[in-house]
Amino acid sequence: MSDSHPRHQLNDSLMHPVRFSLVAALASSKDPLSFKNLKETLDVSDSVLSKQLSLLEQAGIVEITKSFVGKRPLTTATLSRQGAETWKSHLAALRSIAG
C-alpha cells in the first residue's frame, strides 16, 4: 500500500474536533489567547480544554504560559513554531483531499 494519498499528511493530533478548533483559534490570533477566552470561544468545559491543551503541548504544537495578574492566575496558549507548520501542513492536506 502506498502513502501517496494526502490523508497520510494529516496530523493525528489535529483529528479531534476540539483540538482542531483550538489550533484554528490560536492560528488566527496574533496574540496569546487566555484559557477563559478559549473556553468561551470553543464552548467547552474547563476539564475538556485543559486535557486538549495538555495533549497539544505534549505534541509540541502549543506552548502554554502560566502567570499571575495581581493575585489571579492567568493561563495563555500560543501556537509553537512547530505548531504553525503542522497547522499549515494539515490544512494543505485537507484542501488536497477536498479538491
# chains A, B, ... in the order shown; residues from 1 in each chain; ligands from 1
>>> residues_around(residues="Phe20 in chain A", least_positions_apart="4", cutoff="12 Å", atoms="only C-alpha atoms", output="list in words")
Leu10, Asn11, Asp12, Ser13, Leu14, Met15, His16, Ala24, Ala25, Leu26, Ala27, Leu42, Leu49, Gln52, Leu53, Leu55, Leu56, Ile61, Val62, Gly83, Thr86, Trp87, His90 and Leu91 of chain A
>>> select_by_dssp(residues="chain A", states="helix (DSSP H, G or I)", output="number ranges by chain")
A: 6-9, 12-14, 17-27, 35-42, 46-58, 81-98
>>> select_by_dssp(residues="chain A", states="strand (DSSP E or B)", output="list in words")
Leu33, Ser34, Val62, Glu63, Ile64, Thr65, Lys66, Ser67, Phe68, Val69, Arg72, Pro73, Leu74, Thr75, Thr76, Ala77, Thr78 and Leu79 of chain A
>>> atom_distance(atom1="CA of Ala84 in chain A", atom2="CA of Val69 in chain A")
27.5 Å
>>> atom_distance(atom1="CA of Thr75 in chain A", atom2="CA of Phe35 in chain A")
5.5 Å
>>> closest_residue(among="A:Ser34, A:Gln9, A:Ser45, A:Ser89", to="Pro73 in chain A", atoms="only C-alpha atoms")
A:Ser34
